[in-house]
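Enquirer: Data file target.cif (mmCIF, C-alpha atoms) is appended below.
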```cif
data_work
loop_
_atom_site.group_PDB
_atom_site.id
_atom_site.type_symbol
_atom_site.label_atom_id
_atom_site.label_comp_id
_atom_site.auth_asym_id
_atom_site.auth_seq_id
_atom_site.Cartn_x
_atom_site.Cartn_y
_atom_site.Cartn_z
ATOM 1 C CA MET B 182 12.766 85.666 -118.532
ATOM 2 C CA ALA B 183 11.122 88.590 -116.837
ATOM 3 C CA ASP B 184 8.739 86.401 -114.910
ATOM 4 C CA TYR B 185 11.201 83.693 -113.906
ATOM 5 C CA ARG B 186 11.190 82.932 -110.228
ATOM 6 C CA GLU B 187 13.785 80.674 -108.675
ATOM 7 C CA ALA B 188 12.686 77.347 -107.303
ATOM 8 C CA PRO B 189 12.594 77.226 -103.508
ATOM 9 C CA LEU B 190 15.943 76.566 -101.888
ATOM 10 C CA ALA B 191 17.828 77.411 -105.067
ATOM 11 C CA THR B 192 19.734 80.399 -106.353
ATOM 12 C CA ARG B 193 19.326 81.821 -109.782
ATOM 13 C CA PRO B 194 21.519 80.015 -112.350
ATOM 14 C CA LYS B 195 24.151 82.015 -114.139
ATOM 15 C CA THR B 196 22.455 81.644 -117.523
ATOM 16 C CA LEU B 197 19.388 83.425 -116.171
ATOM 17 C CA ASP B 198 21.233 86.209 -114.436
ATOM 18 C CA PRO B 199 19.976 89.467 -116.010
ATOM 19 C CA ASN B 200 23.505 90.858 -115.685
ATOM 20 C CA GLU B 201 24.583 88.397 -118.332
ATOM 21 C CA TYR B 202 22.298 89.956 -120.916
ATOM 22 C CA PHE B 203 21.576 93.507 -119.914
ATOM 23 C CA ASN B 204 24.782 94.698 -118.250
ATOM 24 C CA LEU B 205 26.647 95.967 -121.286
ATOM 25 C CA SER B 206 29.345 98.012 -119.535
ATOM 26 C CA PRO B 207 32.696 97.029 -121.025
ATOM 27 C CA ASP B 208 34.346 96.650 -117.631
ATOM 28 C CA TYR B 209 31.801 94.129 -116.471
ATOM 29 C CA ARG B 210 31.920 92.269 -119.754
ATOM 30 C CA ARG B 211 35.726 92.190 -119.657
ATOM 31 C CA ALA B 212 35.695 90.917 -116.126
ATOM 32 C CA GLU B 213 33.269 88.173 -117.020
ATOM 33 C CA ALA B 214 35.343 87.281 -120.071
ATOM 34 C CA GLU B 215 38.494 87.032 -117.961
ATOM 35 C CA ARG B 216 36.791 84.806 -115.428
ATOM 36 C CA ALA B 217 35.443 82.607 -118.194
ATOM 37 C CA ALA B 218 38.904 82.429 -119.745
ATOM 38 C CA LEU B 219 40.428 81.349 -116.424
ATOM 39 C CA ARG B 220 37.767 78.705 -115.999
ATOM 40 C CA ALA B 221 38.203 77.472 -119.542
ATOM 41 C CA GLY B 222 41.973 77.259 -119.113
ATOM 42 C CA LEU B 223 41.613 75.155 -115.993
ATOM 43 C CA LYS B 224 39.041 72.938 -117.665
ATOM 44 C CA ARG B 225 41.385 72.464 -120.597
ATOM 45 C CA GLN B 226 44.283 71.513 -118.347
ATOM 46 C CA TYR B 227 42.159 69.021 -116.521
ATOM 47 C CA GLN B 228 40.748 67.450 -119.659
ATOM 48 C CA LEU B 229 44.198 67.137 -121.214
ATOM 49 C CA GLN B 230 45.451 65.273 -118.198
ATOM 50 C CA LEU B 231 42.300 63.227 -117.812
ATOM 51 C CA ASN B 232 42.246 61.976 -121.387
ATOM 52 C CA ASN B 233 45.978 61.487 -121.731
ATOM 53 C CA PRO B 234 46.356 57.793 -122.629
ATOM 54 C CA HIS B 235 49.924 57.704 -121.337
ATOM 55 C CA ARG B 236 49.034 58.982 -117.886
ATOM 56 C CA LYS B 237 49.684 56.452 -115.166
ATOM 57 C CA GLU B 238 49.486 58.571 -112.060
ATOM 58 C CA LEU B 239 46.743 60.481 -110.253
ATOM 59 C CA ILE B 240 45.931 63.980 -111.414
ATOM 60 C CA GLU B 241 47.064 66.153 -108.547
ATOM 61 C CA ASP B 242 44.969 69.186 -107.751
ATOM 62 C CA PRO B 243 47.174 72.185 -106.865
ATOM 63 C CA ALA B 244 44.274 74.117 -105.393
ATOM 64 C CA LEU B 245 43.584 71.224 -103.067
ATOM 65 C CA ASN B 246 47.240 71.038 -102.058
ATOM 66 C CA ARG B 247 47.265 74.750 -101.375
ATOM 67 C CA TRP B 248 44.123 74.489 -99.299
ATOM 68 C CA VAL B 249 45.423 71.567 -97.266
ATOM 69 C CA TYR B 250 48.723 73.341 -96.688
ATOM 70 C CA ALA B 251 46.967 76.542 -95.678
ATOM 71 C CA ARG B 252 44.690 74.753 -93.232
ATOM 72 C CA ALA B 253 47.527 72.733 -91.758
ATOM 73 C CA ASN B 254 49.912 75.632 -91.147
ATOM 74 C CA PRO B 255 48.019 78.512 -89.581
ATOM 75 C CA TYR B 256 50.574 78.966 -86.833
ATOM 76 C CA ASN B 257 53.144 80.285 -89.308
ATOM 77 C CA HIS B 258 51.008 83.398 -89.664
ATOM 78 C CA PHE B 259 49.756 83.539 -86.103
ATOM 79 C CA LYS B 260 49.996 86.850 -84.263
ATOM 80 C CA ALA B 261 49.104 87.383 -80.619
ATOM 81 C CA THR B 262 46.375 90.021 -80.939
ATOM 82 C CA LYS B 263 43.687 90.867 -78.425
ATOM 83 C CA LYS B 264 41.206 88.574 -80.098
ATOM 84 C CA THR B 265 43.494 85.597 -80.498
ATOM 85 C CA SER B 266 44.769 85.957 -76.940
ATOM 86 C CA LEU B 267 41.238 86.104 -75.653
ATOM 87 C CA LEU B 268 40.240 83.021 -77.605
ATOM 88 C CA GLY B 269 43.302 81.170 -76.444
ATOM 89 C CA ALA B 270 42.631 82.037 -72.841
ATOM 90 C CA LEU B 271 38.959 81.145 -73.129
ATOM 91 C CA PHE B 272 39.389 77.784 -74.778
ATOM 92 C CA GLY B 273 42.794 76.728 -73.572
ATOM 93 C CA VAL B 274 43.457 78.122 -70.126
ATOM 94 C CA ALA B 275 40.093 78.712 -68.495
ATOM 95 C CA PRO B 276 38.738 75.150 -68.959
ATOM 96 C CA LEU B 277 41.728 73.756 -67.113
ATOM 97 C CA PHE B 278 41.022 75.766 -64.030
ATOM 98 C CA ILE B 279 37.252 75.500 -64.249
ATOM 99 C CA LEU B 280 37.282 71.748 -64.716
ATOM 100 C CA TYR B 281 39.834 71.296 -61.948
ATOM 101 C CA TYR B 282 37.611 73.273 -59.629
ATOM 102 C CA VAL B 283 34.478 71.420 -60.655
ATOM 103 C CA PHE B 284 35.975 67.969 -60.335
ATOM 104 C CA LYS B 285 37.706 68.759 -57.087
ATOM 105 C CA THR B 286 34.585 70.057 -55.386
ATOM 106 C CA ASP B 287 32.524 67.244 -56.835
ATOM 107 C CA ARG B 288 34.939 64.668 -55.560
ATOM 108 C CA VAL B 289 35.232 66.264 -52.148
ATOM 109 C CA CYS B 290 31.485 66.735 -51.725
ATOM 110 C CA TYR B 291 30.125 63.492 -53.067
ATOM 111 C CA GLY B 292 33.124 61.230 -53.309
ATOM 112 C CA GLY B 293 33.136 60.529 -49.629
ATOM 113 C CA ARG B 294 29.625 59.098 -49.539
ATOM 114 C CA MET K 342 63.734 64.230 -115.427
ATOM 115 C CA ARG K 343 60.635 65.636 -113.836
ATOM 116 C CA VAL K 344 60.859 66.923 -110.283
ATOM 117 C CA SER K 345 58.816 64.992 -107.800
ATOM 118 C CA PHE K 346 57.778 66.145 -104.317
ATOM 119 C CA VAL K 347 55.649 64.941 -101.449
ATOM 120 C CA SER K 348 52.545 67.028 -101.115
ATOM 121 C CA GLN K 349 50.463 67.480 -98.023
ATOM 122 C CA SER K 350 47.964 65.010 -99.379
ATOM 123 C CA SER K 351 50.542 62.329 -98.594
ATOM 124 C CA GLN K 352 50.755 61.073 -102.135
ATOM 125 C CA CYS K 353 54.053 60.924 -103.949
ATOM 126 C CA GLN K 354 53.291 62.439 -107.323
ATOM 127 C CA GLU K 355 55.065 63.780 -110.321
ATOM 128 C CA MET K 356 54.310 67.182 -111.671
ATOM 129 C CA ALA K 357 52.584 66.557 -114.920
ATOM 130 C CA GLY K 358 52.255 68.508 -118.087
ATOM 131 C CA VAL K 359 50.905 71.994 -117.854
ATOM 132 C CA GLY K 360 51.193 72.196 -114.086
ATOM 133 C CA PHE K 361 54.964 71.900 -114.322
ATOM 134 C CA GLN K 362 55.254 74.583 -116.966
ATOM 135 C CA ARG K 363 53.192 76.946 -114.863
ATOM 136 C CA TRP K 364 55.423 76.287 -111.868
ATOM 137 C CA VAL K 365 58.534 77.037 -113.867
ATOM 138 C CA ARG K 366 56.996 80.225 -115.151
ATOM 139 C CA THR K 367 56.106 81.355 -111.630
ATOM 140 C CA LEU K 368 59.554 80.573 -110.341
ATOM 141 C CA SER K 369 61.274 82.422 -113.123
ATOM 142 C CA LYS K 370 59.223 85.521 -112.416
ATOM 143 C CA GLY K 371 60.113 85.946 -108.762
ATOM 144 C CA LYS K 372 62.827 85.177 -106.286
ATOM 145 C CA ILE K 373 60.900 82.422 -104.524
ATOM 146 C CA SER K 374 62.227 78.923 -104.542
ATOM 147 C CA GLY K 375 60.793 75.480 -104.591
ATOM 148 C CA ILE K 376 57.313 74.581 -103.479
ATOM 149 C CA SER K 377 56.810 77.782 -101.513
ATOM 150 C CA GLY K 378 56.141 79.568 -104.746
ATOM 151 C CA LEU K 379 52.916 77.697 -105.176
ATOM 152 C CA LEU K 380 51.860 77.260 -101.566
ATOM 153 C CA PRO K 381 49.994 79.837 -99.494
ATOM 154 C CA ALA K 382 52.406 82.150 -97.724
ATOM 155 C CA CYS K 383 52.412 85.132 -95.454
ATOM 156 C CA ARG K 384 51.424 88.432 -96.914
ATOM 157 C CA SER K 385 54.831 90.045 -96.864
ATOM 158 C CA ALA K 386 56.735 87.017 -98.149
ATOM 159 C CA SER K 387 59.898 88.340 -99.680
ATOM 160 C CA GLY K 388 60.155 88.212 -103.393
ATOM 161 C CA VAL K 389 56.523 87.434 -104.004
ATOM 162 C CA SER K 390 54.884 90.437 -105.569
ATOM 163 C CA LYS K 391 51.234 91.161 -105.036
ATOM 164 C CA ASP K 392 50.560 90.533 -108.709
ATOM 165 C CA MET K 393 51.590 86.933 -108.505
ATOM 166 C CA LEU K 394 49.245 85.997 -105.715
ATOM 167 C CA PRO K 395 46.069 85.923 -107.822
ATOM 168 C CA GLY K 396 47.907 83.894 -110.459
ATOM 169 C CA LYS K 397 48.930 81.433 -107.795
ATOM 170 C CA TYR K 398 45.354 81.031 -106.707
ATOM 171 C CA ASN K 399 43.848 81.144 -110.205
ATOM 172 C CA ILE K 400 41.679 84.193 -109.623
ATOM 173 C CA ARG K 401 41.655 87.586 -111.285
ATOM 174 C CA VAL K 402 43.755 90.332 -109.763
ATOM 175 C CA GLU K 403 40.629 92.392 -109.187
ATOM 176 C CA ASP K 404 38.825 89.478 -107.574
ATOM 177 C CA TYR K 405 41.663 88.673 -105.184
ATOM 178 C CA LYS K 406 41.013 89.851 -101.659
ATOM 179 C CA PRO K 407 42.941 88.258 -98.775
ATOM 180 C CA ILE K 408 41.131 87.193 -95.629
ATOM 181 C CA ALA K 409 41.341 89.858 -92.937
ATOM 182 C CA ASP K 410 44.754 89.814 -91.288
ATOM 183 C CA ASN K 411 43.907 89.512 -87.597
ATOM 184 C CA GLY K 412 46.600 87.078 -86.632
ATOM 185 C CA GLU K 413 44.403 84.023 -86.905
ATOM 186 C CA GLY K 414 46.733 82.326 -89.348
ATOM 187 C CA TYR K 415 45.116 82.867 -92.739
ATOM 188 C CA GLY K 416 48.214 84.178 -94.469
ATOM 189 C CA ASP K 417 47.487 85.393 -97.974
ATOM 190 C CA TYR K 418 44.689 82.963 -98.663
ATOM 191 C CA PRO K 419 41.934 84.661 -100.662
ATOM 192 C CA GLN K 420 38.508 85.441 -99.298
ATOM 193 C CA LEU K 421 35.954 83.702 -101.505
ATOM 194 C CA PRO K 422 32.176 84.220 -101.330
ATOM 195 C CA ASP K 423 30.615 82.375 -98.404
ATOM 196 C CA ARG K 424 28.351 80.153 -100.458
ATOM 197 C CA SER K 425 27.914 76.453 -99.858
ATOM 198 C CA GLN K 426 28.420 73.808 -102.513
ATOM 199 C CA GLN K 427 24.721 73.053 -102.391
ATOM 200 C CA ASP K 428 24.179 76.595 -103.614
ATOM 201 C CA ARG K 429 25.928 75.890 -106.914
ATOM 202 C CA ASP K 430 24.227 75.035 -110.161
ATOM 203 C CA PRO K 431 23.301 71.334 -110.187
ATOM 204 C CA ALA K 432 22.900 71.282 -113.957
ATOM 205 C CA TYR K 433 26.414 72.520 -114.820
ATOM 206 C CA GLN K 434 29.001 69.951 -115.842
ATOM 207 C CA TRP K 435 31.362 70.042 -112.872
ATOM 208 C CA ASP K 436 34.631 68.120 -112.919
ATOM 209 C CA HIS K 437 33.713 66.687 -109.518
ATOM 210 C CA PRO K 438 29.901 66.539 -109.543
ATOM 211 C CA ASP K 439 29.422 65.429 -105.938
ATOM 212 C CA LEU K 440 31.511 68.323 -104.658
ATOM 213 C CA ARG K 441 30.199 70.683 -107.360
ATOM 214 C CA ARG K 442 33.706 71.889 -107.975
ATOM 215 C CA ASN K 443 36.035 72.152 -110.936
ATOM 216 C CA TRP K 444 39.617 70.949 -110.947
ATOM 217 C CA ASN K 445 42.092 73.515 -109.603
ATOM 218 C CA GLU K 446 39.350 75.897 -108.654
ATOM 219 C CA PRO K 447 40.302 77.957 -105.575
ATOM 220 C CA MET K 448 38.759 76.356 -102.514
ATOM 221 C CA HIS K 449 37.037 78.311 -99.813
ATOM 222 C CA TRP K 450 38.871 78.306 -96.481
ATOM 223 C CA ASP K 451 35.843 76.566 -94.959
ATOM 224 C CA PHE K 452 35.339 74.228 -97.885
ATOM 225 C CA ASP K 453 34.927 71.208 -95.635
ATOM 226 C CA MET K 454 32.121 73.032 -93.858
ATOM 227 C CA PHE K 455 30.363 73.982 -97.074
ATOM 228 C CA ILE K 456 30.131 70.501 -98.599
ATOM 229 C CA ARG K 457 26.671 69.325 -99.441
ATOM 230 C CA ASN K 458 26.337 67.179 -96.358
ATOM 231 C CA ARG K 459 26.920 70.099 -94.048
ATOM 232 C CA VAL K 460 26.276 73.831 -93.900
ATOM 233 C CA ASP K 461 23.985 75.055 -96.641
ATOM 234 C CA THR K 462 23.613 78.691 -97.580
ATOM 235 C CA SER K 463 20.863 78.156 -100.163
ATOM 236 C CA PRO K 464 18.053 80.664 -99.953
ATOM 237 C CA THR K 465 15.164 79.532 -97.773
ATOM 238 C CA VAL K 466 11.554 79.351 -98.895
ATOM 239 C CA VAL K 467 10.476 81.828 -96.248
ATOM 240 C CA PRO K 468 12.501 84.742 -94.820
ATOM 241 C CA TRP K 469 14.501 84.139 -91.687
ATOM 242 C CA SER K 470 12.436 86.558 -89.613
ATOM 243 C CA THR K 471 9.227 84.791 -90.541
ATOM 244 C CA MET K 472 10.726 81.441 -89.595
ATOM 245 C CA CYS K 473 11.906 82.758 -86.253
ATOM 246 C CA LYS K 474 8.543 84.323 -85.500
ATOM 247 C CA GLN K 475 6.662 81.155 -86.395
ATOM 248 C CA LEU K 476 8.879 78.805 -84.420
ATOM 249 C CA PHE K 477 9.334 80.857 -81.290
ATOM 250 C CA GLY K 478 5.747 82.034 -81.450
ATOM 251 C CA PHE K 479 4.434 78.503 -81.448
ATOM 252 C CA VAL K 480 6.827 77.211 -78.811
ATOM 253 C CA GLY K 481 6.251 80.239 -76.624
ATOM 254 C CA PHE K 482 2.502 79.904 -76.925
ATOM 255 C CA MET K 483 2.578 76.211 -76.007
ATOM 256 C CA LEU K 484 4.827 76.874 -73.032
ATOM 257 C CA PHE K 485 2.504 79.592 -71.816
ATOM 258 C CA MET K 486 -0.588 77.420 -72.174
ATOM 259 C CA PHE K 487 1.018 74.519 -70.358
ATOM 260 C CA TYR K 488 2.004 76.857 -67.574
ATOM 261 C CA LEU K 489 -1.591 78.068 -67.290
ATOM 262 C CA GLY K 490 -2.866 74.502 -67.344
ATOM 263 C CA ASP K 491 -0.560 73.669 -64.502
ATOM 264 C CA LYS K 492 -1.661 76.676 -62.502
ATOM 265 C CA PHE K 493 -5.418 76.160 -63.072
ATOM 266 C CA PRO K 494 -6.031 72.415 -63.388
ATOM 267 C CA ALA K 495 -9.403 71.412 -64.852
ATOM 268 C CA TYR K 496 -10.759 67.898 -64.444
ATOM 269 C CA GLN K 497 -13.931 65.986 -63.536
ATOM 270 C CA PRO K 498 -14.886 66.080 -59.835
ATOM 271 C CA VAL K 499 -13.400 63.045 -58.075
ATOM 272 C CA GLY K 500 -13.585 61.562 -54.637
ATOM 273 C CA PRO K 501 -11.214 59.223 -52.848
ATOM 274 C CA LYS K 502 -10.971 55.759 -54.420
ATOM 275 C CA GLN K 503 -13.244 53.091 -52.965
ATOM 276 C CA PHE K 504 -12.079 49.482 -52.651
ATOM 277 C CA PRO K 505 -14.200 46.289 -52.314
ATOM 278 C CA TYR K 506 -13.804 43.472 -49.768
ATOM 279 C CA ASN K 507 -13.993 45.758 -46.762
ATOM 280 C CA ASN K 508 -11.437 48.162 -48.143
ATOM 281 C CA LEU K 509 -9.212 45.228 -49.155
ATOM 282 C CA HIS K 510 -8.869 44.034 -45.583
ATOM 283 C CA LEU K 511 -6.995 40.823 -46.485
ATOM 284 C CA GLU K 512 -4.886 42.386 -49.248
ATOM 285 C CA ARG K 513 -3.753 45.095 -46.902
ATOM 286 C CA GLY K 514 -2.340 42.518 -44.567
ATOM 287 C CA GLY K 515 -5.236 42.036 -42.202
ATOM 288 C CA SER K 516 -5.429 38.539 -40.678
ATOM 289 C CA PRO K 517 -8.239 36.264 -41.942
ATOM 290 C CA ASP K 518 -9.411 35.448 -38.418
ATOM 291 C CA VAL K 519 -10.166 38.968 -37.338
ATOM 292 C CA GLU K 520 -13.572 40.117 -38.435
ATOM 293 C CA PRO K 521 -13.116 43.303 -40.436
ATOM 294 C CA GLU K 522 -15.432 46.107 -39.768
ATOM 295 C CA GLU K 523 -18.130 46.355 -42.351
ATOM 296 C CA VAL K 524 -17.398 49.135 -44.786
ATOM 297 C CA LYS K 525 -20.252 50.314 -46.954
ATOM 298 C CA ASN K 526 -19.008 52.320 -49.917
ATOM 299 C CA TYR K 527 -22.346 52.574 -51.707
ATOM 300 C CA GLU K 528 -25.839 53.759 -51.217
ATOM 301 C CA ILE K 529 -28.780 52.182 -52.851
#
```
Any chance you could give the structure as structure tokens?
Expert:
Amino acid sequence: MADYREAPLATRPKTLDPNEYFNLSPDYRRAEAERAALRAGLKRQYQLQLNNPHRKELIEDPALNRWVYARANPYNHFKATKKTSLLGALFGVAPLFILYYVFKTDRVCYGGR
Amino acid sequence: MRVSFVSQSSQCQEMAGVGFQRWVRTLSKGKISGISGLLPACRSASGVSKDMLPGKYNIRVEDYKPIADNGEGYGDYPQLPDRSQQDRDPAYQWDHPDLRRNWNEPMHWDFDMFIRNRVDTSPTVVPWSTMCKQLFGFVGFMLFMFYLGDKFPAYQPVGPKQFPYNNLHLERGGSPDVEPEEVKNYEI
């Protein structure tokens, strides 16, 4: 394992991560065990639903629902800070005036001909 | 009877099996009601303790870190590592192999950007600096050489073009009656 080099355009797989084998600190091991337990629990839930012969409906994905909800409702947590105000002005207000000016002058200059 | 609700994914579904039990457990712990217990919320949502947030998102308490609160509307959504789906292990048995994602795994805020068709954070063969140097070096060099070639043109010596038939007298619109002046473009 010492001379393993990742293939180009790839990251090192988890099974070849030296931390997995040489990092023996209990905190790290416990953390990894907890993460694995979470993953295993989710896998188990999914497999139970997937292989349930009485299931007639789609398996809904709560993480997906949460993500969709979060992406669709940013304004609930919106605050008018310096950065957000600047972005709003730059993308929402300035183009109106700039485009008006551009089109007006363009029309006046060349529209007559 | 099971409770049914309309989710954002516009599918009318029933809560099934373990998902329902988990929801009931979460509700019984805090003062939140209904769907809002499971959906992303603002950081100071009343009744929702900080300990429940990682459970809601299925990450460890230590791993949970909300996206920076700068008013851009993230709420309490967790900040996950900025790695694309292409970066994930292709040999692992994912629940959704094309997305390289497991069921109910917390999704990155920019998940739709990180799918395999789009942004890829996989390590490159050559470091970024080397790539920049090579590309801009080559393009810059070519631009410079073309500029020099434009400034100092180099070609075979040429003279003005010579035409037959008395410098194309008829083709240039001269009348056939008028005798053109004899033009001799050669020397023998």
Enquirer: Pull out every residue of chain K that has at least one atom within 6 Å of chain B, counting only C-alpha atoms, and report them as a list of chain:residue names.
Expert: K:Leu380, K:Pro381, K:Gly412, K:Glu413, K:Gly414, K:Gly416, K:Asn445, K:Pro447, K:Ser463, K:Pro464, K:Thr465, K:Val466
Enquirer: Between CA of Arg441 in chain K and CA of Asp428 in chain K, what distance in Å does the model show, to one decimal?
Expert: 9.2 Å
Enquirer: Step by step, work through what the PyMOL selection byres ((chain B and resi 197) around 12) selects in the shown file, and finish by giving those residues as a CSV table (one decimal) with C-alpha atoms, in the frame of the given file.
Expert:
```csv
chain,number,residue,atom,x,y,z
B,182,MET,CA,12.8,85.7,-118.5
B,183,ALA,CA,11.1,88.6,-116.8
B,184,ASP,CA,8.7,86.4,-114.9
B,185,TYR,CA,11.2,83.7,-113.9
B,186,ARG,CA,11.2,82.9,-110.2
B,187,GLU,CA,13.8,80.7,-108.7
B,192,THR,CA,19.7,80.4,-106.4
B,193,ARG,CA,19.3,81.8,-109.8
B,194,PRO,CA,21.5,80.0,-112.4
B,195,LYS,CA,24.2,82.0,-114.1
B,196,THR,CA,22.5,81.6,-117.5
B,198,ASP,CA,21.2,86.2,-114.4
B,199,PRO,CA,20.0,89.5,-116.0
B,200,ASN,CA,23.5,90.9,-115.7
B,201,GLU,CA,24.6,88.4,-118.3
B,202,TYR,CA,22.3,90.0,-120.9
B,203,PHE,CA,21.6,93.5,-119.9
K,430,ASP,CA,24.2,75.0,-110.2
```
Enquirer: Write out as a list in words which residues come within 10 Å of Tyr506 in chain K when counting all atoms listed in the file, dropping same-chain ones fewer than 6 positions away.
Expert: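 Contacts, in chain order: Glu512, Pro521, Glu523, Val524 and Lys525 of chain K.
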Enquirer: So how many Å separate CA of Phe455 in chain K and CA of Gln426 in chain K, to one decimal?
Expert: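 It comes out at 5.8 Å.
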Enquirer: Just the number, please: distance in Å from CA of Gln503 in chain K to CA of Asn526 in chain K, one decimal.
Expert: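 Those two atoms sit 6.6 Å apart.
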Enquirer: Counting all atoms listed in the file, which of K:Arg424, K:Arg401, K:His510, K:Lys474 gets nearest to Arg457 in chain K?
Expert: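 Ranking K:Arg424, K:Arg401, K:His510, K:Lys474 by distance to Arg457 in chain K, first place goes to K:Arg424.
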